[in-house]
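Asker: Once you've had a glance at the structure underneath, I'll fire off some questions.
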Amino acid sequence: MADNQNVPLVVDLDGTLIRTDMMWESLSRRLRRNPLAIFQILFWWTRGRAYLKQKLAERVQIDPATLPYHQRFLAWLHEEKKNGRKIILATASDMKMAQPVANHIGLFDEVLASDGQTNLRSENKLRVLTNKFGERGFDYAGNSSADFAVWRGSRQAVIVNASQRVLREAAKCTRLGPTFCENFSATAVAKSVVKELFWDSGYLVAIIAGLLLASSFPNFSFAGFAWVAPALMLLAAQGKSGADRWRVGYVTGLAFWLASLVWLLEIPVTGFPILGWISLCAYLALYPGAWVWLVAIHDSRSTIHATWTSRMLWTLLGAAAWVSLEFLRGWLFSGFPWNFIGVSQFKIIPLIQIAAVTGVYGVSFLVVWFSLALFSAVRMVLKNPTRRFVWQAEIVVPMTVMVFCYVGGFFWMNREAPPENTFRVTTIQPSVPQTLIWSSSEDTKRFTELLALSQRALTNKTDLLLWPESAVPSVDEAIYKAINQFVRSNQVWLVLNADDVGFSPRATNFFNSAFLISPDGRWRQSYHKRQLVIFGEYVPLAKWLPFLKWFTPITGGWTAGDKAAQFEIQTAAPDVSSQVITLVGTNGTVKPNHSHLVKASPLICFEDIFPRLGRDAATADTDFLFNLTNDGWFGESSEQWQHAAASVFRAVENNLPIIRCANNGVTCLIDSHGRMQQLFTDPTGSIHGRGAMTSEIPLATERPSTYYHRHGDWFAWNCVGLTVISLISWYRRQTLAKN
């Protein structure tokens, strides 16, 4: 005993004095309070563990009284202290983490810790202790393989909370002293971090909800998961404060968007894909976070679930809030209406016919409404376990409405007579990799291949040939002449995508455009793309913040068009001597059946995911819509199918067929009810290959316009109004409660 009194005892903190690790505890608590801090933490880590620990200590304060101490070892330390022994706390944790623990315990004569520059661990710790106490001039209490270096320079090893392997290896380093290894758990720290970061926070359930929601979209298309995910989001937020509820929703959104937009990493440039992927997902996750907060503030009222009526009102307001946020996402910062929850149901054709009245927002409303009713039903069952059928009252109304919509959609789809005429369209899918599109040295070769592929596809007489976005290189004089020669020799109408230039006294404007070329080689009409891809076709605030261009794969900027266009295609007239001169539709449109004047409206790139753009393009006498897109940016990924799924709803909303012509998929024909009537695949069965598809587009003599086409986003605006009113009501209650 006297010998021990003369030798200082150095005690490690993490895993030894406490059964956890201060850095990981701080890390988990920091991420629980701010999930976005992960990016900041990764940056700190690049500057070393000592710097990371210092920054965490500055932002996270842990109450020492709440830490899990090794009680038997702590009692032994008290005995050693009573016997007059000098005890030093030496830890790799930052000083700002270690000092509060030392003050709370009240045993230590000195504290040695990391300082933001030196990580006091292993060899670094041995060097400091040897300089202070001399070779073999101290005993050291530790628990892990990181302590082997320290034990080699110590007089005696005190083993605490360690495995048998550590015990054996420590005995090779120095003489063994007392051991305190009962109830050792190799996963104790991991369990503590997981419990704090994922379980207590609700993040684990939130992540599961986000991944389930992502899997309801292509390529998985498990549509049923979308009906469960919103309920799981609320389950994860149950019983938490307002800020924690928002965080739960944000984590759900982050998991959903990171998983469903992983195809952004396929963009063939360095650096930008991962930066764009993370930044876009971080922004989009704000919307699920806001939704959970909005729903939870009403759910927190003690009377909200007292009656069936109040519970039903809560589910309706929750569904309206979801639609409001989707609607806002489709407009704010030029809009990104990708993967609306209603789009996940694109294969359930009868159900999605409600979009002809409400737009896609009505389908989103149904899905979320049912999910909230399901959540309410489960909660009522748990609250009243003896009432066997208490759940039925919670879901009977949304279930009835859903069945009504499904049956009504079925009848809506089967009410129209078969078309008398069709219009033949051939679409070309060249499947050109994006790297070749960017390579000017390949322009001649890929244009020659495009012409050859088109020539082979015209073995049957077609009325219109479509080339996708980015299929044609820059139109110089040689390409212009080649195109004119091609259409004249084949006597075919052609629509292609190319750049257009507009000159004005103030600026020269470049447009992403579609052109209609007649069989006589005349470039008759053009359409300028109206919805540009942010950071893809234009950089916001580029005039004031030009450095933003450094973070994008583009070097210039395009100008947005200002109006929709309608291409008029005159086909050869058949013998009309015995035919009626005109046919009058129910909407009053007069259509000569002998002129074969077909009207088609273009959408370029991702414009077909915007409900308002599809509605603008679909005028009263439009025969069909077509989309020219280059999804080759994203390799052979889920992006192509997610894009096509959104296009389905433009057909339903406007009661018009859509033909999609893509660079590498999905090239397809979608009928006016959202059914994919024809899908291009190459000889191997892939949608991404090279080839052509010829389709017969029905030309209806009577095509009644939909309620959505006539009245637009009325349903979404009503949801916005309900959400705003509910927020005002909540704010007034909060104000009255404070007074």
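Ordered as shown in the structure tokens, chains take letters A, B, and onward, while each chain numbers its residues from 1 and ligands are numbered from 1 in the order shown.
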Just want the 12 Å neighbourhood of A:Phe404, counted on only C-alpha atoms, with same-chain residues fewer than 5 positions away dropped. Output as a list in words.
Answerer: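 Within the cut-off, the hits are Pro350, Leu351, Ile352, Gln353, Ile354, Leu366, Val397, Pro398, Met399, Gly409, Phe410, Phe411 and Trp412 of chain A.
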Asker: Please tabulate, as JSON lines, the residues of stretch 295-410 of chain A that come within 8 Å of stretch 659-676 of chain A, each with its closest pair of atoms and the distance in Å to one decimal, counting only C-alpha atoms and ordering rows by chain, then residue number upward.
Answerer:
{"residue": "A:Phe346", "atom": "CA", "partner": "A:Gly674", "partner_atom": "CA", "distance": 7.7}
{"residue": "A:Lys347", "atom": "CA", "partner": "A:Arg675", "partner_atom": "CA", "distance": 7.9}
{"residue": "A:Ile349", "atom": "CA", "partner": "A:Gly674", "partner_atom": "CA", "distance": 6.6}
{"residue": "A:Gln353", "atom": "CA", "partner": "A:His673", "partner_atom": "CA", "distance": 6.9}
Asker: Using only C-alpha atoms for the distances, tell me which of A:Thr309, A:Asn654, A:Ser638, A:Thr448 is nearest to A:Leu265.
Answerer: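 Counting only C-alpha atoms, the residue closest to A:Leu265 is A:Ser638.
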Asker: From the list A:Thr559, A:Asn183, A:Thr252, A:Gln392, which residue is nearest A:Val501 when using only C-alpha atoms?
Answerer: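 Closest residue, counting only C-alpha atoms: A:Thr559.
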Asker: Find the residues around A:Gly137 up to 8 Å (only C-alpha atoms counted), leave out those fewer than 5 positions away in its own chain, and share them as a short mmCIF file (atom, residue, chain, number, x, y, z; two decimals) with N, CA and C atoms, in the first residue's frame.
Answerer:
data_model
loop_
_atom_site.label_atom_id
_atom_site.label_comp_id
_atom_site.auth_asym_id
_atom_site.auth_seq_id
_atom_site.Cartn_x
_atom_site.Cartn_y
_atom_site.Cartn_z
N VAL A 7 3.24 6.17 -6.00
CA VAL A 7 3.12 6.10 -7.46
C VAL A 7 1.78 6.67 -7.87
N PRO A 8 1.77 7.73 -8.67
CA PRO A 8 0.49 8.30 -9.08
C PRO A 8 -0.32 7.32 -9.93
N THR A 130 5.08 10.11 -19.51
CA THR A 130 6.50 9.80 -19.26
C THR A 130 7.28 11.07 -18.95
N SER A 154 4.10 2.04 -18.30
CA SER A 154 3.63 2.21 -16.92
C SER A 154 4.20 1.12 -16.01
N ARG A 155 4.11 1.37 -14.72
CA ARG A 155 4.58 0.37 -13.74
C ARG A 155 3.60 -0.78 -13.62
#
Asker: Write out as a PyMOL selection string the set of residues from stretch 545-728 of chain A that DSSP, computed on the backbone, places in strand (DSSP E or B).
Answerer: chain A and resi 567-570+582-584+590-592+597-604+624-629+658-662+668-670+676-679+691-699
Asker: How many Å lie between atom CA of A:Asp244 and atom CA of A:Val295, rounded to one decimal?
Answerer: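 Atom-to-atom, atom CA of A:Asp244 to atom CA of A:Val295, that is 13.2 Å.
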Asker: Show which residues sit within 10 Å of A:Thr315, as a ChimeraX atom specification. Count only C-alpha atoms, and ignore same-chain residues fewer than 6 positions away.
Answerer: /A:295,299,321,368-376,394,398
Asker: Store the residues picked out above, limited to N, CA and C atoms, as a PDB file, in the first residue's frame.
Answerer:
ATOM      1  N   VAL A 295     -48.716  18.956 -38.350  1.00  0.00           N
ATOM      2  CA  VAL A 295     -49.686  17.970 -37.881  1.00  0.00           C
ATOM      3  C   VAL A 295     -49.584  17.792 -36.376  1.00  0.00           C
ATOM      4  N   ASP A 299     -52.114  17.869 -33.055  1.00  0.00           N
ATOM      5  CA  ASP A 299     -52.222  16.604 -32.336  1.00  0.00           C
ATOM      6  C   ASP A 299     -51.935  16.779 -30.846  1.00  0.00           C
ATOM      7  N   ALA A 321     -52.438  19.699 -45.300  1.00  0.00           N
ATOM      8  CA  ALA A 321     -51.112  20.277 -45.067  1.00  0.00           C
ATOM      9  C   ALA A 321     -50.070  19.623 -45.962  1.00  0.00           C
ATOM     10  N   VAL A 368     -52.409  10.293 -48.013  1.00  0.00           N
ATOM     11  CA  VAL A 368     -52.045  10.798 -46.684  1.00  0.00           C
ATOM     12  C   VAL A 368     -53.242  10.746 -45.740  1.00  0.00           C
ATOM     13  N   TRP A 369     -54.430  11.048 -46.235  1.00  0.00           N
ATOM     14  CA  TRP A 369     -55.630  10.988 -45.409  1.00  0.00           C
ATOM     15  C   TRP A 369     -55.826   9.578 -44.852  1.00  0.00           C
ATOM     16  N   PHE A 370     -55.703   8.586 -45.718  1.00  0.00           N
ATOM     17  CA  PHE A 370     -55.869   7.207 -45.257  1.00  0.00           C
ATOM     18  C   PHE A 370     -54.783   6.834 -44.251  1.00  0.00           C
ATOM     19  N   SER A 371     -53.558   7.288 -44.494  1.00  0.00           N
ATOM     20  CA  SER A 371     -52.460   6.961 -43.587  1.00  0.00           C
ATOM     21  C   SER A 371     -52.699   7.557 -42.201  1.00  0.00           C
ATOM     22  N   LEU A 372     -53.183   8.788 -42.152  1.00  0.00           N
ATOM     23  CA  LEU A 372     -53.473   9.418 -40.864  1.00  0.00           C
ATOM     24  C   LEU A 372     -54.645   8.732 -40.169  1.00  0.00           C
ATOM     25  N   ALA A 373     -55.635   8.320 -40.946  1.00  0.00           N
ATOM     26  CA  ALA A 373     -56.750   7.577 -40.364  1.00  0.00           C
ATOM     27  C   ALA A 373     -56.272   6.249 -39.792  1.00  0.00           C
ATOM     28  N   LEU A 374     -55.350   5.608 -40.490  1.00  0.00           N
ATOM     29  CA  LEU A 374     -54.767   4.362 -39.994  1.00  0.00           C
ATOM     30  C   LEU A 374     -54.017   4.596 -38.690  1.00  0.00           C
ATOM     31  N   PHE A 375     -53.249   5.691 -38.633  1.00  0.00           N
ATOM     32  CA  PHE A 375     -52.542   6.048 -37.402  1.00  0.00           C
ATOM     33  C   PHE A 375     -53.533   6.273 -36.264  1.00  0.00           C
ATOM     34  N   SER A 376     -54.612   6.988 -36.549  1.00  0.00           N
ATOM     35  CA  SER A 376     -55.630   7.240 -35.536  1.00  0.00           C
ATOM     36  C   SER A 376     -56.299   5.943 -35.095  1.00  0.00           C
ATOM     37  N   GLU A 394     -62.588   4.803 -37.534  1.00  0.00           N
ATOM     38  CA  GLU A 394     -61.533   5.737 -37.915  1.00  0.00           C
ATOM     39  C   GLU A 394     -61.221   5.692 -39.406  1.00  0.00           C
ATOM     40  N   PRO A 398     -62.451   7.558 -45.042  1.00  0.00           N
ATOM     41  CA  PRO A 398     -61.450   7.574 -46.127  1.00  0.00           C
ATOM     42  C   PRO A 398     -61.493   6.321 -46.986  1.00  0.00           C
TER      43      PRO A 398
END
Asker: Can you list, as a PyMOL selection string, every protein, DNA or RNA residue that comes within 6 Å of stretch 89-99 of chain A when you count only C-alpha atoms, leaving out same-chain residues fewer than 2 positions away?
Answerer: chain A and resi 10-13+53-54+57+101-102+111-115+119-121
Asker: My list of candidates is A:Leu235, A:Ala393, A:Leu316, A:Ile687. Which is closest to A:Phe365 when distances are computed with only C-alpha atoms?
Answerer: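 Of A:Leu235, A:Ala393, A:Leu316, A:Ile687, the one nearest A:Phe365 is A:Leu316, counting only C-alpha atoms.
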Asker: Using only C-alpha atoms, which protein or nucleic acid residues come within 8 Å of A:His104? Drop anything in the same chain fewer than 4 positions from it, and give the result as a PDB file with N, CA and C atoms, in the first residue's frame.
Answerer:
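So selection.pdb came out as:
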ATOM      1  N   PRO A  64     -22.584  15.774 -16.175  1.00  0.00           N
ATOM      2  CA  PRO A  64     -21.790  14.640 -15.678  1.00  0.00           C
ATOM      3  C   PRO A  64     -22.593  13.689 -14.802  1.00  0.00           C
ATOM      4  N   ALA A  65     -23.625  14.201 -14.141  1.00  0.00           N
ATOM      5  CA  ALA A  65     -24.419  13.355 -13.242  1.00  0.00           C
ATOM      6  C   ALA A  65     -25.213  12.299 -13.997  1.00  0.00           C
ATOM      7  N   PRO A 100     -15.575  19.071 -16.505  1.00  0.00           N
ATOM      8  CA  PRO A 100     -16.818  18.951 -15.740  1.00  0.00           C
ATOM      9  C   PRO A 100     -16.968  17.598 -15.047  1.00  0.00           C
TER      10      PRO A 100
END
Asker: Any idea what's packed within 10 Å of A:Phe73, counting only C-alpha atoms, ignoring anything in its chain fewer than 3 positions away? Could you give it as JSON, numbers by chain?
Answerer: {"A": [16, 17, 18, 69, 70, 76, 77, 78, 79, 141, 158, 159, 160, 161, 178, 179, 180, 181]}
Asker: Taking N, CA and C atoms for each residue, export the selection above as a CSV table (one decimal), in the first residue's frame.
Answerer:
chain,number,residue,atom,x,y,z
A,16,THR,N,-13.6,3.7,-19.3
A,16,THR,CA,-13.0,3.2,-18.1
A,16,THR,C,-13.7,3.8,-16.9
A,17,LEU,N,-13.5,5.1,-16.6
A,17,LEU,CA,-14.3,5.7,-15.5
A,17,LEU,C,-15.8,5.7,-15.9
A,18,ILE,N,-16.1,5.9,-17.1
A,18,ILE,CA,-17.5,5.8,-17.6
A,18,ILE,C,-17.6,4.7,-18.6
A,69,TYR,N,-21.3,5.7,-14.8
A,69,TYR,CA,-20.0,5.4,-14.2
A,69,TYR,C,-19.9,4.0,-13.8
A,70,HIS,N,-18.6,3.5,-13.8
A,70,HIS,CA,-18.3,2.2,-13.4
A,70,HIS,C,-18.2,2.2,-11.9
A,76,TRP,N,-13.3,2.0,-5.7
A,76,TRP,CA,-11.9,1.7,-5.4
A,76,TRP,C,-11.1,2.9,-5.5
A,77,LEU,N,-11.4,3.8,-6.5
A,77,LEU,CA,-10.7,5.1,-6.6
A,77,LEU,C,-10.8,5.9,-5.3
A,78,HIS,N,-12.0,5.9,-4.7
A,78,HIS,CA,-12.2,6.6,-3.5
A,78,HIS,C,-11.3,6.1,-2.4
A,79,GLU,N,-11.2,4.8,-2.3
A,79,GLU,CA,-10.3,4.2,-1.3
A,79,GLU,C,-8.9,4.6,-1.5
A,141,ALA,N,-4.9,3.1,-15.5
A,141,ALA,CA,-6.1,2.4,-15.6
A,141,ALA,C,-6.8,2.7,-16.9
A,158,VAL,N,-4.0,-1.3,-14.5
A,158,VAL,CA,-5.3,-1.5,-13.9
A,158,VAL,C,-6.3,-1.7,-15.0
A,159,ILE,N,-6.9,-2.9,-15.1
A,159,ILE,CA,-7.8,-3.2,-16.3
A,159,ILE,C,-9.2,-3.0,-15.8
A,160,VAL,N,-9.9,-2.1,-16.6
A,160,VAL,CA,-11.3,-1.8,-16.3
A,160,VAL,C,-12.2,-2.0,-17.5
A,161,ASN,N,-13.3,-2.7,-17.3
A,161,ASN,CA,-14.3,-2.8,-18.4
A,161,ASN,C,-13.7,-3.2,-19.7
A,178,PRO,N,-5.1,-4.5,-10.1
A,178,PRO,CA,-6.5,-4.9,-9.9
A,178,PRO,C,-7.2,-4.9,-11.3
A,179,THR,N,-8.3,-5.7,-11.4
A,179,THR,CA,-9.1,-5.7,-12.6
A,179,THR,C,-10.6,-5.5,-12.2
A,180,PHE,N,-11.3,-4.8,-13.1
A,180,PHE,CA,-12.7,-4.5,-12.8
A,180,PHE,C,-13.4,-4.8,-14.2
A,181,CYS,N,-13.6,-6.0,-14.5
A,181,CYS,CA,-14.1,-6.3,-15.8
A,181,CYS,C,-15.5,-7.0,-15.8
Asker: Counting only C-alpha atoms, which of A:Ala620, A:Ala700, A:Ala170, A:Ala692 gets nearest to A:Ala457?
Answerer: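 Among A:Ala620, A:Ala700, A:Ala170, A:Ala692, it is A:Ala692 that comes nearest to A:Ala457.
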